[in-house]
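J.: My file is run18.txt. It has compact mmCIF, C-alpha atoms and all ligand atoms:
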# COMPACT_ATOMS: atom_id res chain seq x y z
CA MET A 1 290.35 278.81 221.65
CA LYS A 2 289.83 276.01 224.17
CA PHE A 3 293.47 275.05 224.66
CA LYS A 4 295.54 277.90 226.00
CA SER A 5 298.55 275.81 226.94
CA THR A 6 301.74 275.89 224.89
CA PRO A 7 301.48 273.44 222.03
CA ILE A 8 303.49 270.26 222.56
CA PHE A 9 303.70 269.36 218.88
CA THR A 10 303.61 271.61 215.83
CA CYS A 11 304.40 271.73 212.16
CA GLU A 12 304.55 274.63 209.73
CA GLY A 13 305.06 275.14 206.02
CA LEU A 14 305.27 271.41 205.28
CA SER A 15 305.38 270.34 201.68
CA LEU A 16 306.11 266.94 200.17
CA ASP A 17 306.68 265.53 196.70
CA LEU A 18 306.02 261.86 195.94
CA GLY A 19 306.61 260.29 192.56
CA GLY A 20 307.35 263.72 191.08
CA ARG A 21 304.02 265.15 192.24
CA GLU A 22 303.32 267.60 195.05
CA VAL A 23 301.13 265.71 197.54
CA LEU A 24 301.32 268.21 200.42
CA ARG A 25 301.54 272.00 200.33
CA ASP A 26 302.07 274.47 203.18
CA ILE A 27 300.67 272.37 206.02
CA GLY A 28 300.75 273.86 209.53
CA LEU A 29 299.11 272.71 212.75
CA GLU A 30 299.42 272.81 216.53
CA LEU A 31 298.59 270.08 219.00
CA HIS A 32 298.10 270.75 222.71
CA PRO A 33 298.34 268.39 225.68
CA GLY A 34 294.89 266.94 226.42
CA GLU A 35 293.55 267.76 222.99
CA VAL A 36 292.08 265.51 220.32
CA LEU A 37 292.67 266.98 216.87
CA GLY A 38 290.91 265.31 213.95
CA ILE A 39 292.23 265.44 210.40
CA ILE A 40 289.65 264.62 207.79
CA GLY A 41 289.59 264.65 204.04
CA PRO A 42 288.67 262.43 201.11
CA ASN A 43 290.80 259.53 199.87
CA GLY A 44 294.09 260.75 198.52
CA ALA A 45 293.92 264.11 200.36
CA GLY A 46 297.38 263.52 201.82
CA LYS A 47 296.45 262.59 205.41
CA THR A 48 298.68 259.52 205.65
CA SER A 49 301.53 261.32 203.89
CA LEU A 50 301.28 264.03 206.55
CA LEU A 51 301.48 261.42 209.32
CA GLU A 52 304.55 259.95 207.64
CA ILE A 53 306.26 263.31 208.00
CA LEU A 54 305.02 263.95 211.54
CA SER A 55 306.18 260.51 212.70
CA GLY A 56 309.56 260.76 210.95
CA ARG A 57 309.22 258.22 208.13
CA TYR A 58 309.31 260.86 205.38
CA ARG A 59 311.44 263.98 205.27
CA PRO A 60 309.46 267.02 204.01
CA LYS A 61 310.61 269.07 201.04
CA THR A 62 310.05 272.25 203.05
CA GLY A 63 308.86 273.14 206.53
CA LYS A 64 309.50 272.09 210.07
CA VAL A 65 308.17 269.87 212.86
CA THR A 66 308.63 270.68 216.56
CA PHE A 67 308.10 268.69 219.74
CA GLU A 68 308.31 270.32 223.18
CA GLY A 69 309.71 273.44 221.55
CA GLN A 70 312.56 271.65 219.77
CA ASP A 71 313.00 271.29 216.03
CA ILE A 72 312.73 267.55 215.29
CA THR A 73 312.35 267.77 211.50
CA SER A 74 315.43 265.66 210.87
CA LEU A 75 314.95 263.17 213.74
CA PRO A 76 314.22 259.61 212.55
CA LEU A 77 311.05 257.75 213.53
CA PHE A 78 312.88 255.66 216.09
CA GLU A 79 314.20 258.71 217.93
CA ARG A 80 310.77 260.37 217.89
CA ALA A 81 309.25 257.21 219.39
CA ARG A 82 311.88 257.25 222.10
CA ARG A 83 310.99 260.84 222.99
CA GLY A 84 307.30 260.09 223.35
CA ILE A 85 305.68 260.37 219.93
CA GLY A 86 303.63 257.24 219.23
CA ARG A 87 302.13 256.37 215.88
CA THR A 88 299.57 253.83 214.66
CA TYR A 89 298.95 252.71 211.10
CA GLN A 90 295.90 252.52 208.88
CA THR A 91 296.34 248.73 208.62
CA PRO A 92 297.03 247.07 212.01
CA LEU A 93 300.01 244.90 211.05
CA VAL A 94 301.26 242.62 213.83
CA PRO A 95 304.10 240.07 213.65
CA GLU A 96 302.15 237.00 212.53
CA ASP A 97 304.67 234.44 213.81
CA LEU A 98 304.68 235.67 217.42
CA THR A 99 302.25 235.18 220.28
CA VAL A 100 300.77 238.12 222.18
CA GLY A 101 303.22 237.53 225.05
CA GLU A 102 306.21 237.34 222.71
CA THR A 103 305.13 240.60 221.10
CA PHE A 104 304.96 242.33 224.47
CA LYS A 105 308.41 241.02 225.33
CA ALA A 106 309.91 242.16 222.02
CA VAL A 107 308.43 245.62 222.53
CA ARG A 108 309.59 245.82 226.15
CA GLN A 109 313.11 245.04 224.98
CA ALA A 110 313.06 247.10 221.78
CA PHE A 111 315.41 249.65 223.30
CA ARG A 112 316.90 250.55 226.64
CA PRO A 113 315.77 251.09 229.30
CA TRP A 114 313.97 247.77 228.95
CA LEU A 115 310.48 247.78 230.36
CA THR A 116 309.06 245.37 232.92
CA ARG A 117 306.08 243.06 232.69
CA PHE A 118 304.24 245.61 234.82
CA ASP A 119 304.76 248.25 232.15
CA ALA A 120 303.29 245.86 229.58
CA GLU A 121 300.36 245.17 231.88
CA TYR A 122 299.88 248.90 232.36
CA GLY A 123 299.63 249.44 228.58
CA ALA A 124 297.25 246.52 228.16
CA ASN A 125 295.03 247.66 231.03
CA LEU A 126 294.64 251.15 229.59
CA VAL A 127 292.99 249.69 226.50
CA HIS A 128 291.27 246.75 228.25
CA PHE A 129 293.31 244.27 226.23
CA ARG A 130 292.69 240.90 227.87
CA THR A 131 293.69 238.41 225.20
CA PRO A 132 295.74 235.55 226.74
CA HIS A 133 299.50 235.87 226.22
CA ASP A 134 299.84 232.42 224.63
CA LYS A 135 297.49 233.31 221.77
CA PRO A 136 299.22 233.58 218.36
CA ASN A 137 298.94 237.02 216.76
CA SER A 138 297.85 235.34 213.54
CA GLY A 139 294.54 234.44 215.21
CA LEU A 140 293.74 237.98 216.39
CA LYS A 141 290.77 239.89 215.01
CA THR A 142 291.14 243.48 213.79
CA PHE A 143 289.99 244.99 217.10
CA GLU A 144 292.44 242.85 219.10
CA ARG A 145 295.22 243.77 216.69
CA ARG A 146 294.49 247.45 217.14
CA LYS A 147 294.41 247.03 220.91
CA LEU A 148 297.62 245.01 220.96
CA LEU A 149 299.43 247.71 218.97
CA LEU A 150 297.99 250.45 221.16
CA SER A 151 299.01 248.56 224.34
CA CYS A 152 302.55 248.36 222.97
CA LEU A 153 302.64 252.10 222.32
CA LEU A 154 301.18 252.99 225.70
CA MET A 155 303.74 250.92 227.63
CA ARG A 156 306.20 253.75 227.17
CA GLN A 157 303.71 256.44 228.15
CA PRO A 158 303.89 258.62 225.04
CA LYS A 159 302.97 262.30 225.17
CA VAL A 160 301.72 262.50 221.61
CA LEU A 161 299.67 259.88 219.74
CA LEU A 162 299.44 260.07 215.96
CA MET A 163 296.73 257.71 214.75
CA ASP A 164 295.87 256.80 211.17
CA GLU A 165 292.20 255.75 210.98
CA PRO A 166 292.05 253.92 214.32
CA ALA A 167 288.44 252.91 213.63
CA ALA A 168 289.09 251.29 210.24
CA GLY A 169 287.67 247.77 210.08
CA LEU A 170 285.81 248.05 213.40
CA ILE A 171 282.11 247.69 214.15
CA ASN A 172 280.17 250.42 215.98
CA ALA A 173 280.48 249.01 219.51
CA GLU A 174 284.24 248.68 219.01
CA ILE A 175 284.50 252.22 217.67
CA ASP A 176 282.67 253.46 220.80
CA GLU A 177 285.19 251.66 222.96
CA ILE A 178 288.14 253.14 221.04
CA ASP A 179 286.54 256.59 221.45
CA GLN A 180 286.25 256.08 225.20
CA ILE A 181 289.87 254.99 225.41
CA LEU A 182 291.08 257.97 223.41
CA ARG A 183 288.97 260.33 225.49
CA MET A 184 290.51 258.90 228.65
CA LEU A 185 294.05 259.16 227.26
CA SER A 186 293.56 262.78 226.30
CA LYS A 187 291.31 264.14 229.01
CA GLU A 188 292.56 262.14 232.01
CA MET A 189 296.15 261.46 231.03
CA ASN A 190 296.70 264.71 229.16
CA MET A 191 298.06 263.09 226.02
CA ALA A 192 297.86 265.04 222.77
CA VAL A 193 296.02 262.92 220.21
CA LEU A 194 295.90 263.46 216.46
CA ILE A 195 293.41 261.26 214.61
CA VAL A 196 293.28 260.93 210.85
CA GLU A 197 289.89 259.78 209.64
CA HIS A 198 288.07 259.95 206.36
CA ARG A 199 284.59 259.46 207.76
CA ILE A 200 283.52 262.79 209.27
CA GLU A 201 280.87 261.28 211.56
CA LEU A 202 283.49 259.30 213.46
CA LEU A 203 285.08 262.49 214.75
CA GLU A 204 281.86 264.07 215.98
CA SER A 205 281.95 262.63 219.47
CA ILE A 206 285.66 262.87 220.06
CA ALA A 207 287.52 265.67 218.27
CA ASP A 208 287.96 269.03 220.01
CA ARG A 209 288.98 270.58 216.71
CA VAL A 210 289.29 269.39 213.16
CA ILE A 211 291.41 270.20 210.14
CA VAL A 212 290.02 269.44 206.70
CA MET A 213 292.44 268.52 203.93
CA ASP A 214 291.84 268.20 200.23
CA ALA A 215 294.33 267.56 197.44
CA GLY A 216 297.33 268.16 199.69
CA GLU A 217 296.13 271.38 201.30
CA ILE A 218 294.30 272.47 204.43
CA ILE A 219 290.97 273.91 203.31
CA ALA A 220 289.29 274.49 206.69
CA ARG A 221 289.95 274.29 210.41
CA GLY A 222 287.92 274.81 213.56
CA GLU A 223 285.25 273.02 215.56
CA LEU A 224 283.46 270.38 213.55
CA GLU A 225 280.04 272.07 213.75
CA GLU A 226 281.56 275.33 212.51
CA ILE A 227 283.25 273.99 209.42
CA ILE A 228 281.04 271.10 208.36
CA ASP A 229 278.66 273.32 206.39
CA SER A 230 281.24 275.58 204.79
CA PRO A 231 280.98 275.54 200.99
CA ALA A 232 284.67 274.62 200.56
CA VAL A 233 284.29 271.56 202.78
CA ARG A 234 281.06 270.47 201.16
CA ALA A 235 282.52 270.81 197.69
CA ALA A 236 285.76 269.03 198.42
CA TYR A 237 284.56 266.49 200.83
CA PHE A 238 281.01 265.41 200.30
CA GLU A 239 280.79 265.88 196.58
CA ALA A 240 283.94 263.79 196.17
CA HIS A 241 281.98 260.73 197.32
N1 LIG A 301 304.71 256.39 197.67
C1 LIG A 301 303.97 257.18 196.89
N2 LIG A 301 304.40 257.53 195.64
C2 LIG A 301 303.66 258.35 194.85
N3 LIG A 301 302.48 258.88 195.22
C3 LIG A 301 302.01 258.56 196.42
C4 LIG A 301 302.72 257.70 197.34
N4 LIG A 301 301.99 257.58 198.48
C5 LIG A 301 300.90 258.32 198.28
N5 LIG A 301 300.90 258.90 197.08
C6 LIG A 301 299.86 259.81 196.54
O1 LIG A 301 299.79 260.92 197.41
C7 LIG A 301 298.43 261.36 197.56
C8 LIG A 301 298.07 261.35 199.03
O2 LIG A 301 298.00 260.00 199.51
P1 LIG A 301 297.73 259.66 201.03
O3 LIG A 301 297.87 258.19 201.17
O4 LIG A 301 298.58 260.51 201.87
O5 LIG A 301 296.20 260.08 201.17
P2 LIG A 301 295.15 259.82 202.34
O6 LIG A 301 294.49 261.14 202.58
O7 LIG A 301 295.80 259.15 203.48
O8 LIG A 301 294.08 258.86 201.65
P3 LIG A 301 293.18 257.65 202.27
O9 LIG A 301 291.95 258.29 202.86
O10 LIG A 301 292.85 256.82 201.07
O11 LIG A 301 294.01 256.90 203.28
C9 LIG A 301 297.58 260.41 196.72
O12 LIG A 301 297.34 261.03 195.51
C10 LIG A 301 298.48 259.19 196.55
O13 LIG A 301 298.19 258.54 195.33
MG MG A 302 295.50 257.34 204.42
In structure tokens, how does this file's structure come out?

T.:
Amino acid sequence: MKFKSTPIFTCEGLSLDLGGREVLRDIGLELHPGEVLGIIGPNGAGKTSLLEILSGRYRPKTGKVTFEGQDITSLPLFERARRGIGRTYQTPLVPEDLTVGETFKAVRQAFRPWLTRFDAEYGANLVHFRTPHDKPNSGLKTFERRKLLLSCLLMRQPKVLLMDEPAAGLINAEIDEIDQILRMLSKEMNMAVLIVEHRIELLESIADRVIVMDAGEIIARGELEEIIDSPAVRAAYFEAH
């Protein structure tokens, strides 16, 4: 085990029903400061549903979520964000009728204490986001959208980042840059980063550990090289495509 520190974020025994069907069953994981944990699995495995529970949008049917040793299972998304749990979405939705600068201002003033322009600059610098503030969000490309959203999250210096397919829609050079940023956030700033991804190869260079999900359950966990050839993973993952 590489990370001996106390986990900062955990869940155990999580289950979830959606539309009368069980989409998650008995999910448990631990996330340590400075660690990048990858969650992989084929389409429909339940990865996004799990993030919905971890970030506070869905309430699980059973199980619990903890942050810094406290039970936060019933805390809403907003309160989790306030405490330092940041989340990004599979599709990078930005307010189309605002400019970049207006977006930063809205985020700075989303709740008290309001943040300063320097905080916004700090977030933008961490991800090398250099798009001019007068540019309308509607004209931003996918990569800029992802960076804008990440800048907004980083302004408040979160301790945990929950990311749903941060590389979706990006080209290779952009994915490399996102990897570098995430490595810096985890290894230099000690953030705990959970990345959901359905393409295994995208986690190779970045994840310290991975969890493999299929049909709502965890079917393997460990270092990527250890689990990639296991029969259960091959059957569920590769043969599904
Ligand atoms: N709101 C909903 N109502 C009913 N079923 C849902 C709902 N959202 C998701 N599901 C179902 O739950 C299962 C898990 O979906 P989820 O989106 O969590 O998978 P995923 O692993 O994120 O997939 P992908 O790789 O496509 O993003 C799927 O079978 C999906 O059809
Ligand atoms: Mg998903």

J.: Centre and edge lengths of an axis-aligned box around all listed atoms of ligand LIG 301 (chain A), with 8 Å added on each side, are to be given in Å to one decimal, as lines of an AutoDock Vina configuration file.

T.:
center_x = 298.3
center_y = 258.9
center_z = 199.2
size_x = 28.8
size_y = 21.0
size_z = 24.6

J.: Could you give me the residues within 12 Å of ligand LIG 301 (chain A), counting only C-alpha atoms and all ligand atoms, as a VMD selection string?

T.: chain A and resid 15 to 25 39 to 53 57 to 58 89 to 91 163 to 166 168 195 to 200 212 to 218 237 240 to 241

J.: List the spatial neighbours of range 134-143 of chain A as a PDB file with C-alpha atoms, keeping the file's coordinate frame - criterion: any atom at most 7 Å away, all atoms listed in the file, same-chain residues fewer than 5 positions off excluded.

T.:
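Below is the file that was written, selection.pdb:
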ATOM      1  CA  VAL A  94     301.260 242.620 213.830  1.00  0.00           C
ATOM      2  CA  PRO A  95     304.100 240.070 213.650  1.00  0.00           C
ATOM      3  CA  GLU A  96     302.150 237.000 212.530  1.00  0.00           C
ATOM      4  CA  ASP A  97     304.670 234.440 213.810  1.00  0.00           C
ATOM      5  CA  LEU A  98     304.680 235.670 217.420  1.00  0.00           C
ATOM      6  CA  THR A  99     302.250 235.180 220.280  1.00  0.00           C
ATOM      7  CA  VAL A 100     300.770 238.120 222.180  1.00  0.00           C
ATOM      8  CA  GLY A 101     303.220 237.530 225.050  1.00  0.00           C
ATOM      9  CA  GLY A 169     287.670 247.770 210.080  1.00  0.00           C
ATOM     10  CA  LEU A 170     285.810 248.050 213.400  1.00  0.00           C
TER      11      LEU A 170
END

J.: Within 10 Å of Pro33 in chain A, counting only C-alpha atoms, which residues qualify if same-chain residues fewer than 2 places away don't, as a ChimeraX atom specification?

T.: /A:3-9,31,35-36,159-160,186-187,189-193

J.: Which residue, A:Gln109, A:Thr88, A:Ser230, A:Thr131, has the smallest gap to ligand MG 302 (chain A) when you use all atoms listed in the file?

T.: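 Comparing A:Gln109, A:Thr88, A:Ser230, A:Thr131 against ligand MG 302 (chain A), the winner is A:Thr88.
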
J.: Work out how far apart CA of Arg209 in chain A and CA of Ala236 in chain A are and give it in Å to one decimal.

T.: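 Separation between CA of Arg209 in chain A and CA of Ala236 in chain A: 18.6 Å.
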
J.: Please list as a VMD selection string every residue within 12 Å of Ile181 in chain A, counting all atoms listed in the file and excluding residues in the same chain fewer than 2 positions away.

T.: chain A and resid 36 123 to 129 147 150 to 151 154 166 174 to 179 183 to 189 191 193 206

J.: Rank nothing, just name the residue among A:Ile171, A:Lys105, A:Arg59, A:Leu194 nearest to Glu30 in chain A, using all atoms listed in the file.

T.: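 Between A:Ile171, A:Lys105, A:Arg59, A:Leu194, the residue approaching Glu30 in chain A most closely is A:Leu194.
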
J.: If you measure from CA of Pro158 in chain A to CA of Arg221 in chain A, what distance in Å do you get, rounded to one decimal?

T.: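 According to the coordinates, CA of Pro158 in chain A and CA of Arg221 in chain A are separated by 25.6 Å.
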
J.: Show which residues sit within 7 Å of Leu29 in chain A, as a ChimeraX atom specification. Count all atoms listed in the file, and ignore same-chain residues fewer than 2 positions away.

T.: /A:10-12,27,31

J.: Between CA of Ala110 in chain A and CA of Gly56 in chain A, what distance in Å does the model show, to one decimal?

T.: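 Taking CA of Ala110 in chain A and CA of Gly56 in chain A, their separation equals 17.8 Å.
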
J.: Quick one: residues within 8 Å of Ala207 in chain A, only C-alpha atoms, excluding same-chain residues fewer than 2 positions away - as a ChimeraX atom specification?

T.: /A:35-38,203-205,209-210,224

J.: Pick from A:Leu54, A:Arg146, A:Asp119, A:Leu162: nearest to Asp71 in chain A, with all atoms listed in the file counted?

T.: A:Leu54

J.: Using all atoms listed in the file, which residue out of A:Leu149, A:Phe104, A:Phe111, A:Arg130 lies closest to Phe78 in chain A?

T.: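 Among A:Leu149, A:Phe104, A:Phe111, A:Arg130, it is A:Phe111 that comes nearest to Phe78 in chain A.
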
J.: Restricting the calculation to only C-alpha atoms, which member of A:Gly69, A:Cys152, A:Leu77, A:Arg82 is positioned closest to Ala106 in chain A?

T.: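 Closest to Ala106 in chain A, using only C-alpha atoms: A:Cys152.
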